[in-house]
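Undergrad: Sending over a structure as structure tokens; questions will come in a sec.
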Amino acid sequence: MTVDLKGLTGYSRALYSNWLWHQPLHLLVDAGEGLPLALGTSVFSPSVVALTHGHSDHVLGLPGFAGARRFGKGAQDKEWTVIFPKGSAGIDTIRGTIAGLWQGVSFPVTWRAVEAGDTHRLTSTRVLEAFAVTHVPPDPALGYRVLESRRRRKPDLAHLSESELERLARQQGRDFVMEEFSHVVFAHSGDAMPIDPQLVHDADLLVHDATFLHASDRRQLIHATSEEVFEVARQAAVRALVLNHLSVRYERQTALVTLREQLAASGYAGHCWLLDEGAFVNLR
Ligand SMILES: [Zn+2]
């Protein structure tokens with residue numbers, strides 16, 4: 001498939017606001033401030049909002065989003081679902097805020113608390129799955145990936161010719177030569193230390209926390225460095241990578257030079273961007 005950023009809109013400024021709108025999947029990840037303003041008339045489009053954790057820069061846009069959807073000019077009754085880490089105090093608070101701001105108003109929203117490994121069906125062929133990440137324990141934090149079920153020829157039949165495969169399929173049935181597998185269409189780490197590359201093997205797109213350029217700038221093990229993320233992407237052979245959540249401490253032009261040098265030295269061969277505020281900056 002071609003890899004580009006069509007259908008992707010986002011904002012990332014660490015400590016201020018973070019969110020990503022994946023239009024083709026009808027999926028929002030996180031809901032930092034400014035989200036409803038930025039979405040504009042697209043505010044009615046998302047079906048699922050997946051919250052990674054309850055920190056303010058990831059959830060403060062949710063009341064505005066709920067209000068714009070409930071009272072704006074559009075499909076006010078359209079159902080939406082919020083997926084969030086079970087036991088998150090920050091998310092419980094923002095949920096209470098929505099209920100408190102508009103008392104007696106019911107929203108067409110389903111709140112679903114999840115833990116690592118839980119799935120939520122998006123379409124007949126796609127599920128959203130939560131996975132564990134390391135952020136600021138004991139406050140729960142999750143990453144998410146979208147798995148698409150696909151069919152392919154069984155790898156152990158790779159030595160057979162087209163006509164032999166066709167003959168086998170006719171004699172034994174399609175399932176004799178084909179198998180189902182899960183392809184990672186999209187994954188988002190949320191705020192996190194580097195994730196396990198196996199979770200995102202061959203993914204079309206990975207969005208990952210890259211708060212720090214250098215491990216020496218990091219005091220607590222709660223955010224990844226850019227070099228760690230390039231290594232995840234290299235090991236997983238993801239097709240496209242978006243870094244985000246880069247610390248505000250770094251002067252941007254200098255940081256871009258560093259990121260491009262690190263990327264070139266990393267051995268990761270895919271496409272790569274930095275989401276910084278509202279812009280996707282190409283690092284190639
Ligand atoms: Zn955080």
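Letters A, B, ... go to the chains of the structure tokens in the order shown; residues in each chain start at 1; ligands are counted from 1 in the same order.
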Pick out each residue of range 43-280 of chain A that DSSP on the backbone tags as strand (DSSP E); I need them as a PyMOL selection string.

TA: chain A and resi 48-50+80-85+109-114+119-121+126-132+142-153+178-188+206-209+240-244+271-276+279-280

Undergrad: As a ChimeraX atom specification, please: every protein or nucleic acid residue near ligand 1 (cut-off 7 Å, counting only C-alpha atoms and all ligand atoms).

TA: /A:53,55,135,191

Undergrad: Can you work out which one of A:His120, A:His159, A:Arg218, A:Lys73 has the shortest atom-to-atom distance to Leu27 in chain A, counting only C-alpha atoms?

TA: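 Ranking A:His120, A:His159, A:Arg218, A:Lys73 by distance to Leu27 in chain A, first place goes to A:His120.
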
Undergrad: Pick the closest to Pro138 in chain A from A:Val109, A:Ile222, A:His214, A:Leu122: which is it, counting only C-alpha atoms?

TA: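 With only C-alpha atoms as the atom set, the closest residue is A:Ile222.
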
Undergrad: Find the residues near Ala89 in chain A: any atom within 12 Å, counting only C-alpha atoms, skip ones fewer than 6 places away on the same chain, and give them as a compact mmCIF listing (two decimals) with N, CA, C and O atoms, in the first residue's frame.

TA:
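Here's the written file selection_31.txt:
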```txt
# COMPACT_ATOMS: atom_id res chain seq x y z
N HIS A 53 -4.50 7.84 28.42
CA HIS A 53 -4.36 8.00 29.86
C HIS A 53 -5.00 9.33 30.26
O HIS A 53 -5.45 10.08 29.40
N GLY A 54 -5.04 9.58 31.56
CA GLY A 54 -5.85 10.69 32.06
C GLY A 54 -5.13 12.01 32.27
O GLY A 54 -5.68 12.90 32.92
N HIS A 55 -3.93 12.19 31.74
CA HIS A 55 -3.24 13.46 31.94
C HIS A 55 -3.93 14.58 31.17
O HIS A 55 -4.47 14.36 30.09
N SER A 56 -3.86 15.80 31.77
CA SER A 56 -4.66 16.91 31.27
C SER A 56 -4.42 17.21 29.79
O SER A 56 -5.36 17.54 29.06
N VAL A 59 -6.78 14.98 27.69
CA VAL A 59 -8.23 14.81 27.92
C VAL A 59 -9.03 16.12 28.02
O VAL A 59 -10.26 16.07 27.95
N ARG A 95 -14.99 12.73 32.80
CA ARG A 95 -16.33 12.17 32.56
C ARG A 95 -17.34 12.86 33.49
O ARG A 95 -18.43 13.24 33.07
N GLY A 96 -16.93 13.03 34.74
CA GLY A 96 -17.77 13.73 35.70
C GLY A 96 -17.98 15.19 35.31
O GLY A 96 -19.06 15.76 35.54
N ALA A 113 -14.44 1.08 29.79
CA ALA A 113 -13.14 0.92 30.46
C ALA A 113 -12.48 -0.37 29.97
O ALA A 113 -13.13 -1.41 29.93
N PRO A 138 1.21 4.55 39.50
CA PRO A 138 0.24 3.49 39.20
C PRO A 138 -0.91 3.94 38.30
O PRO A 138 -1.82 3.16 38.06
N ASP A 139 -0.89 5.19 37.82
CA ASP A 139 -1.97 5.66 36.96
C ASP A 139 -1.95 4.83 35.67
O ASP A 139 -0.90 4.75 35.01
N PRO A 140 -3.06 4.20 35.30
CA PRO A 140 -3.01 3.31 34.13
C PRO A 140 -2.84 4.08 32.81
O PRO A 140 -3.40 5.16 32.64
N ALA A 141 -2.06 3.51 31.92
CA ALA A 141 -1.86 4.09 30.58
C ALA A 141 -1.85 2.95 29.57
O ALA A 141 -1.35 1.86 29.86
```

Undergrad: Can you measure CA of Leu147 in chain A to CA of Ser47 in chain A for me? One decimal in Å is fine.

TA: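 For CA of Leu147 in chain A relative to CA of Ser47 in chain A, the distance reads 16.6 Å.
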